[in-house]
Amino acid sequence: MEAFALSSERLDIGALLAELDDPASGALVVFYGRVRNCHQGRAVTALDYHAHLKLAEKQGRGLLEELHIAHPACRIVARHRTGFLQIGELAFWVGVTSAHRAEAFAACEDCVRLVKRRVPIWKREFYADASDAWLEQTPLERTE
């Protein structure tokens with residue numbers, strides 16, 4: 001299984017956790033990014049995630065390769081949803097295992113921050129007042 005992937009289907013947490021199963025790992029840190037019902041004071045009813053699939057997965061895999069260099073003692077798996085998601089649905093998941101917790105926490109935080117900053121995934125929010133908006137994204141950083 002790829003360390004980074006996009007999915008239009010619901011994420012199978014059991015399968016992702018099984019992928020990280022390692023008896024040498026004493027730490028497992030997991031981030032669940034869920035669709036929330038508000039943003040900047042506005043009532044949100046749903047989200048729609050879009051991505052340039054080929055570019056986003058290439059960027060995500062490269063980013064995880066960089067993270068493995070920065071955190072060699074960690075195993076990192078990340079998944080991001082695409083498509084229409086309801087309030088409470090899981091949109092983004094990162095799991096990290098390591099022998100010790102400090103390295104796993106650091107790698108998880110780095111992964112979440114960098115995926116949000118560098119992977120071309122765009123989010124459209126739908127609001128309770130029947131309006132919608134594409135949220136401004138941070139431009140992709142150069143990784144060369």
# chains A, B, ... in the order shown; residues from 1 in each chain; ligands from 1
call {"tool": "select_by_dssp", "arguments": {"residues": "chain A", "states": "strand (DSSP E)", "output": "number ranges by chain"}}
result
A: 4-7, 27-34, 38-39, 42-51, 75-81, 83-86, 90-98, 121-127, 132-134
call {"tool": "write_last_selection", "arguments": {"atoms": "C-alpha atoms", "output": "compact mmCIF listing (two decimals), in the first residue's frame"}}
result
# COMPACT_ATOMS: atom_id res chain seq x y z
CA PHE A 4 0.29 8.61 0.66
CA ALA A 5 -2.90 8.39 -1.35
CA LEU A 6 -6.10 10.22 -2.17
CA SER A 7 -9.42 8.42 -1.98
CA ALA A 27 4.28 4.75 19.88
CA LEU A 28 1.36 5.23 17.53
CA VAL A 29 0.22 8.81 16.88
CA VAL A 30 -2.87 9.39 14.76
CA PHE A 31 -4.46 12.58 13.41
CA TYR A 32 -8.10 12.57 12.33
CA GLY A 33 -9.15 15.62 10.30
CA ARG A 34 -12.95 15.76 10.24
CA CYS A 38 -18.38 26.04 11.15
CA HIS A 39 -15.57 28.12 9.66
CA ARG A 42 -20.16 30.73 9.27
CA ALA A 43 -22.30 27.61 9.57
CA VAL A 44 -20.91 24.94 7.24
CA THR A 45 -23.16 22.16 5.91
CA ALA A 46 -20.68 20.18 3.75
CA LEU A 47 -17.34 20.24 1.94
CA ASP A 48 -16.27 19.23 -1.54
CA TYR A 49 -12.57 18.37 -2.01
CA HIS A 50 -10.97 18.43 -5.45
CA ALA A 51 -7.44 17.54 -6.47
CA ARG A 75 6.68 4.89 9.57
CA ILE A 76 4.17 7.43 8.19
CA VAL A 77 0.92 6.78 6.33
CA ALA A 78 -1.39 9.57 5.11
CA ARG A 79 -4.72 9.58 3.30
CA HIS A 80 -6.87 12.49 2.11
CA ARG A 81 -10.42 12.26 0.82
CA GLY A 83 -15.35 14.46 -3.25
CA PHE A 84 -18.40 15.58 -1.31
CA LEU A 85 -18.20 15.09 2.48
CA GLN A 86 -20.80 15.66 5.17
CA LEU A 90 -13.18 11.92 8.01
CA ALA A 91 -11.37 14.07 5.43
CA PHE A 92 -7.70 13.61 6.31
CA TRP A 93 -5.89 10.88 8.27
CA VAL A 94 -2.24 10.56 9.28
CA GLY A 95 -0.75 7.69 11.27
CA VAL A 96 2.82 7.50 12.54
CA THR A 97 4.62 4.75 14.41
CA SER A 98 7.99 4.92 16.10
CA ILE A 121 -6.12 19.74 -2.84
CA TRP A 122 -8.83 22.40 -3.04
CA LYS A 123 -11.76 22.77 -0.70
CA ARG A 124 -15.20 24.17 -1.47
CA GLU A 125 -17.37 24.93 1.55
CA PHE A 126 -21.15 24.90 1.50
CA TYR A 127 -22.94 27.13 4.03
CA ASP A 132 -20.65 28.34 -1.11
CA ALA A 133 -17.02 29.38 -1.49
CA TRP A 134 -13.71 27.96 -2.61
call {"tool": "select_by_dssp", "arguments": {"residues": "region 5-123 of chain A", "states": "alpha helix (DSSP H)", "output": "ChimeraX atom specification"}}
result
/A:13-19,53-70,101-118
call {"tool": "closest_residue", "arguments": {"among": "A:Glu103, A:Asp22, A:Glu57, A:Glu2", "to": "Cys74 (chain A)", "atoms": "only C-alpha atoms"}}
result
A:Glu103
call {"tool": "closest_residue", "arguments": {"among": "A:Leu11, A:Gly41, A:Arg101, A:Leu17", "to": "Ala128 (chain A)", "atoms": "only C-alpha atoms"}}
result
A:Gly41
call {"tool": "closest_residue", "arguments": {"among": "A:Ala106, A:Ala73, A:Ile87, A:Leu135", "to": "Gly26 (chain A)", "atoms": "only C-alpha atoms"}}
result
A:Ala73
